[in-house]
file my_file.csv (CSV, C-alpha atoms)
chain,number,residue,atom,x,y,z
D,52,MET,CA,19.8,0.5,16.9
D,53,SER,CA,20.0,-2.4,14.4
D,54,ILE,CA,23.7,-1.6,13.6
D,55,ARG,CA,24.6,-1.5,17.3
D,56,HIS,CA,22.9,-4.9,18.0
D,57,GLY,CA,24.1,-6.4,14.7
D,58,LEU,CA,27.7,-5.7,15.6
D,59,LEU,CA,27.0,-7.1,19.1
D,60,ALA,CA,25.6,-10.3,17.5
D,61,LEU,CA,28.8,-10.7,15.5
D,62,LEU,CA,31.1,-10.1,18.5
D,63,ASP,CA,29.1,-12.6,20.5
D,64,GLN,CA,30.7,-15.2,18.3
D,65,GLY,CA,34.2,-14.1,19.0
D,66,PRO,CA,36.5,-11.0,18.8
D,67,ARG,CA,36.7,-9.2,15.5
D,68,TYR,CA,38.1,-5.9,14.2
D,69,GLY,CA,36.3,-3.2,12.4
D,70,TYR,CA,36.7,-4.3,8.8
D,71,GLN,CA,35.7,-7.8,9.6
D,72,LEU,CA,32.6,-6.6,11.3
D,73,ARG,CA,31.7,-4.5,8.3
D,74,THR,CA,32.3,-7.4,5.9
D,75,GLU,CA,30.3,-9.9,7.9
D,76,PHE,CA,27.4,-7.6,8.5
D,77,GLU,CA,27.1,-6.9,4.8
D,78,ALA,CA,27.5,-10.5,3.8
D,79,ARG,CA,24.7,-11.7,6.2
D,80,THR,CA,22.3,-9.1,4.8
D,81,GLY,CA,23.4,-9.3,1.2
D,82,ALA,CA,24.8,-5.8,1.3
D,83,THR,CA,21.2,-4.5,1.5
D,84,TRP,CA,22.3,-2.0,4.2
D,85,PRO,CA,25.9,-1.2,3.4
D,86,LEU,CA,28.1,0.1,6.2
D,87,ASN,CA,31.3,2.2,6.0
D,88,VAL,CA,34.2,1.5,8.3
D,89,GLY,CA,33.6,4.9,10.0
D,90,GLN,CA,30.1,3.9,11.1
D,91,VAL,CA,31.5,0.6,12.5
D,92,TYR,CA,34.2,2.3,14.6
D,93,THR,CA,31.9,5.0,15.8
D,94,THR,CA,29.4,2.3,16.9
D,95,LEU,CA,32.2,0.4,18.5
D,96,ALA,CA,33.3,3.5,20.4
D,97,ARG,CA,29.8,3.9,21.8
D,98,LEU,CA,29.5,0.2,22.7
D,99,GLU,CA,32.8,0.5,24.6
D,100,ARG,CA,31.7,3.7,26.3
D,101,ASP,CA,28.5,1.8,27.5
D,102,GLY,CA,30.6,-1.2,28.7
D,103,LEU,CA,29.2,-3.6,26.1
D,104,VAL,CA,32.5,-4.3,24.4
D,105,VAL,CA,36.1,-4.1,25.3
D,106,PRO,CA,39.4,-4.0,23.3
D,107,ALA,CA,40.7,-7.5,22.9
D,108,GLY,CA,44.3,-6.9,21.6
D,109,GLU,CA,45.8,-6.5,18.1
D,110,ASP,CA,47.1,-8.8,15.4
D,111,GLU,CA,50.4,-8.6,13.7
D,112,GLU,CA,49.0,-6.1,11.2
D,113,GLY,CA,47.8,-3.7,13.9
D,114,HIS,CA,44.1,-4.4,13.7
D,115,GLN,CA,42.4,-3.6,16.9
D,116,PHE,CA,40.0,-6.4,18.0
D,117,TYR,CA,36.9,-6.0,20.1
D,118,ALA,CA,35.1,-8.5,22.2
D,119,ALA,CA,31.6,-8.5,23.8
D,120,THR,CA,31.4,-8.2,27.6
D,121,ASP,CA,28.8,-10.0,29.8
D,122,ALA,CA,26.8,-6.8,29.7
D,123,GLY,CA,27.0,-6.8,25.9
D,124,ARG,CA,25.7,-10.3,25.7
D,125,ALA,CA,22.9,-9.5,28.1
D,126,GLU,CA,22.0,-6.5,25.9
D,127,LEU,CA,22.0,-8.7,22.8
D,128,ARG,CA,19.7,-11.3,24.4
D,129,ALA,CA,17.3,-8.6,25.5
D,130,TRP,CA,17.3,-7.3,21.9
D,131,PHE,CA,16.4,-10.8,20.6
D,132,ASP,CA,13.7,-11.2,23.2
D,133,THR,CA,12.0,-7.8,22.8
D,134,PRO,CA,9.7,-7.1,19.8
D,135,VAL,CA,10.6,-4.2,17.6
D,136,PRO,CA,8.5,-1.3,18.8
D,137,ARG,CA,6.0,0.5,16.5
D,138,THR,CA,5.5,3.5,18.8
D,139,ASN,CA,7.9,5.6,16.7
D,140,PRO,CA,7.6,4.2,13.1
D,141,PRO,CA,10.6,5.0,10.9
D,142,ARG,CA,10.2,7.8,8.4
D,143,ASP,CA,9.0,6.6,5.1
D,144,GLU,CA,10.2,8.9,2.2
D,145,LEU,CA,7.5,7.8,-0.1
D,146,ALA,CA,4.6,8.4,2.3
D,147,ILE,CA,6.1,11.8,3.1
D,148,LYS,CA,6.4,12.6,-0.6
D,149,LEU,CA,2.8,11.8,-1.3
D,150,ALA,CA,1.6,13.6,1.8
D,151,MET,CA,3.4,16.7,0.6
D,152,ALA,CA,2.4,16.2,-3.1
D,153,VAL,CA,-1.4,16.3,-2.4
D,154,THR,CA,-1.0,19.6,-0.6
D,155,VAL,CA,1.3,21.4,-3.0
D,156,PRO,CA,-0.5,23.1,-6.0
D,157,GLY,CA,0.7,22.1,-9.5
D,158,VAL,CA,2.0,18.6,-8.6
D,159,ASP,CA,0.7,15.9,-10.8
D,160,VAL,CA,0.1,13.4,-8.0
D,161,PRO,CA,-1.3,10.6,-10.2
D,162,ALA,CA,2.0,10.8,-12.2
D,163,VAL,CA,4.0,10.6,-9.0
D,164,VAL,CA,2.1,7.4,-8.0
D,165,GLN,CA,2.4,5.8,-11.4
D,166,GLY,CA,6.1,6.6,-11.7
D,167,GLN,CA,6.7,5.1,-8.2
D,168,ARG,CA,4.7,2.0,-9.1
D,169,ARG,CA,6.8,1.3,-12.2
D,170,HIS,CA,9.9,1.7,-10.1
D,171,SER,CA,8.5,-0.6,-7.3
D,172,ILE,CA,7.4,-3.3,-9.8
D,173,LYS,CA,10.9,-3.4,-11.3
D,174,ALA,CA,12.4,-3.6,-7.8
D,175,LEU,CA,10.0,-6.5,-7.0
D,176,GLN,CA,11.1,-8.3,-10.2
D,177,ASP,CA,14.8,-7.9,-9.2
D,178,TYR,CA,14.2,-9.2,-5.7
D,179,THR,CA,12.3,-12.1,-7.0
D,180,ARG,CA,15.1,-13.0,-9.4
D,181,LEU,CA,17.6,-12.8,-6.5
D,182,LYS,CA,15.4,-15.1,-4.4
D,183,GLY,CA,15.3,-17.6,-7.3
D,184,ARG,CA,19.1,-17.6,-7.4
D,185,ALA,CA,19.4,-17.9,-3.7
D,186,LEU,CA,17.0,-20.9,-3.7
D,187,ALA,CA,19.1,-22.4,-6.5
D,188,GLY,CA,22.1,-22.2,-4.3
D,189,GLU,CA,23.9,-19.4,-6.1
D,190,THR,CA,26.2,-17.2,-4.1
D,191,ARG,CA,24.6,-14.0,-2.7
D,192,PRO,CA,26.4,-10.6,-2.9
D,193,GLY,CA,29.5,-10.7,-0.7
D,194,GLY,CA,28.8,-14.2,0.4
D,195,ALA,CA,31.7,-16.3,-0.7
D,196,GLY,CA,33.2,-18.3,2.0
D,197,GLU,CA,30.8,-17.3,4.8
D,198,GLN,CA,29.7,-19.6,7.5
D,199,ALA,CA,26.6,-21.8,7.4
D,200,GLY,CA,23.4,-19.9,8.1
D,201,SER,CA,24.4,-16.8,6.2
D,202,ASP,CA,22.5,-18.0,3.1
D,203,LEU,CA,19.4,-18.4,5.1
D,204,ALA,CA,19.9,-14.9,6.6
D,205,TRP,CA,20.2,-13.4,3.1
D,206,LEU,CA,17.1,-15.3,2.0
D,207,LEU,CA,15.1,-13.9,4.9
D,208,VAL,CA,16.2,-10.4,4.1
D,209,LEU,CA,15.2,-10.9,0.5
D,210,GLU,CA,11.8,-12.1,1.4
D,211,GLN,CA,11.3,-9.2,3.7
D,212,LEU,CA,12.1,-6.9,0.8
D,213,ILE,CA,9.7,-8.7,-1.4
D,214,PHE,CA,6.8,-8.6,1.1
D,215,GLN,CA,7.6,-4.9,1.8
D,216,THR,CA,7.6,-4.0,-1.9
D,217,GLU,CA,4.4,-6.0,-2.6
D,218,ALA,CA,2.7,-4.0,0.2
D,219,GLU,CA,4.0,-0.8,-1.2
D,220,ILE,CA,2.5,-1.6,-4.6
D,221,ARG,CA,-0.9,-2.4,-3.0
D,222,TRP,CA,-0.7,0.9,-1.1
D,223,LEU,CA,0.0,2.8,-4.3
D,224,ASP,CA,-3.0,1.2,-5.9
D,225,HIS,CA,-5.1,2.3,-2.9
D,226,CYS,CA,-3.6,5.9,-3.3
D,227,GLU,CA,-4.6,6.0,-6.9
D,228,THR,CA,-8.2,4.9,-6.0
D,229,ARG,CA,-8.3,7.7,-3.3
D,230,LEU,CA,-7.1,10.3,-5.8
D,231,ALA,CA,-9.7,9.2,-8.4
D,232,GLN,CA,-12.5,9.4,-5.8
D,233,ARG,CA,-11.4,12.9,-4.7
D,234,ALA,CA,-11.3,14.0,-8.3
D,235,GLU,CA,-14.8,12.7,-8.9
D,236,VAL,CA,-16.1,14.6,-5.8
D,237,GLU,CA,-14.5,17.8,-6.8
D,238,GLN,CA,-15.9,17.6,-10.3
D,239,ALA,CA,-19.4,16.9,-8.9
D,240,ARG,CA,-19.1,19.9,-6.6
D,241,ALA,CA,-18.0,22.1,-9.6
D,242,ALA,CA,-20.9,20.9,-11.7
D,243,GLU,CA,-23.3,21.6,-8.9
D,244,ALA,CA,-21.9,25.1,-8.4
D,245,ARG,CA,-22.4,25.8,-12.1
D,246,THR,CA,-25.9,24.5,-12.0
D,247,THR,CA,-26.9,26.7,-9.0
D,248,GLY,CA,-25.1,29.7,-10.5
D,249,ASN,CA,-23.1,30.5,-7.4
D,250,PRO,CA,-19.7,31.6,-8.6
D,251,ALA,CA,-18.3,31.6,-5.0
D,252,ASP,CA,-18.8,27.8,-5.0
D,253,ASP,CA,-17.5,27.3,-8.6
D,254,VAL,CA,-14.2,25.5,-8.3
D,255,PRO,CA,-12.4,24.1,-11.3
D,256,PRO,CA,-12.4,20.4,-11.6
D,257,ALA,CA,-9.3,18.6,-10.4
D,258,PRO,CA,-7.2,17.3,-13.2
D,259,THR,CA,-7.5,13.6,-13.9
D,260,ARG,CA,-4.8,11.7,-15.7
D,261,PHE,CA,-5.5,8.2,-14.6
D,262,GLY,CA,-6.0,6.0,-17.6
D,263,ARG,CA,-5.7,2.3,-17.2
D,264,ARG,CA,-3.4,0.8,-14.6
D,265,ARG,CA,-0.3,-0.7,-15.7
D,266,SER,CA,0.2,-4.4,-15.4
D,267,ARG,CA,2.4,-5.6,-12.6
D,268,ALA,CA,4.0,-8.2,-14.8
call {"tool": "encode", "arguments": {"input": "my_file.csv", "output": "structure tokens"}}
result
Amino acid sequence: MSIRHGLLALLDQGPRYGYQLRTEFEARTGATWPLNVGQVYTTLARLERDGLVVPAGEDEEGHQFYAATDAGRAELRAWFDTPVPRTNPPRDELAIKLAMAVTVPGVDVPAVVQGQRRHSIKALQDYTRLKGRALAGETRPGGAGEQAGSDLAWLLVLEQLIFQTEAEIRWLDHCETRLAQRAEVEQARAAEARTTGNPADDVPPAPTRFGRRRSRA
């Protein structure tokens, strides 16, 4: 729904055509969530179907403009006034990957965690550099010539990405701790089974490849 309401927010400021909407959406979010023109026009068609936008004429080059209706503006205000629900959280590929990895034999789960941490730390460093440039007044991606407020919008998006990535790294640290605890429990069970001499309970120890954690620097 964010694309739908994002386009409505742009149209609330005046009529625009598809390519303008795509350019402004990407500029205000630093091209973090790129759109293609097909997505824009598909969304516009649905908005028109729902009575939230109407065609608003063409320019000399044949660009079809769209404008928000009163119903569209009401829909936009309701979106701004309503918290984003958490009843249906978005699918997280990393969480799904680790949930599958711990259930599939032969997967080196600690290696998956460590590889993701390296990637996430690099992303965090990149986001932090971009934030430094934004605070120094450097132009954000696609931001040349945009209106006042777009720089703040880009900075807020960047900071959300930073906080999200920091939380992901903390979660990966937690996952590694959980994996280490499970490995210790399984090794203890295997040792106890060997001591009691019950081969039915003798399970091989889980592989441990933990080593020291990498620095986040």
call {"tool": "residues_around", "arguments": {"input": "my_file.csv", "residues": "Val88 of chain D", "least_positions_apart": "4", "cutoff": "12 Å", "atoms": "all atoms listed in the file", "output": "list in words"}}
result
Tyr68, Gly69, Tyr70, Gln71, Leu72, Arg73, Thr74, Phe76, Glu77, Tyr92, Thr93, Thr94 and Leu95 of chain D
call {"tool": "atom_distance", "arguments": {"input": "my_file.csv", "atom1": "atom CA of Thr216 of chain D", "atom2": "atom CA of His170 of chain D"}}
result
10.2 Å
call {"tool": "atom_distance", "arguments": {"input": "my_file.csv", "atom1": "atom CA of Asp63 of chain D", "atom2": "atom CA of Arg79 of chain D"}}
result
15.0 Å
call {"tool": "atom_distance", "arguments": {"input": "my_file.csv", "atom1": "atom CA of Pro156 of chain D", "atom2": "atom CA of Arg233 of chain D"}}
result
15.0 Å
call {"tool": "residues_around", "arguments": {"input": "my_file.csv", "residues": "Ser171 of chain D", "least_positions_apart": "6", "cutoff": "9 Å", "atoms": "all atoms listed in the file", "output": "JSON, numbers by chain"}}
result
{"D": [216, 217, 219, 220]}
call {"tool": "closest_residue", "arguments": {"input": "my_file.csv", "among": "D:Ile172, D:Leu62, D:Leu86, D:Ala78", "to": "Ala119 of chain D", "atoms": "all atoms listed in the file"}}
result
D:Leu62
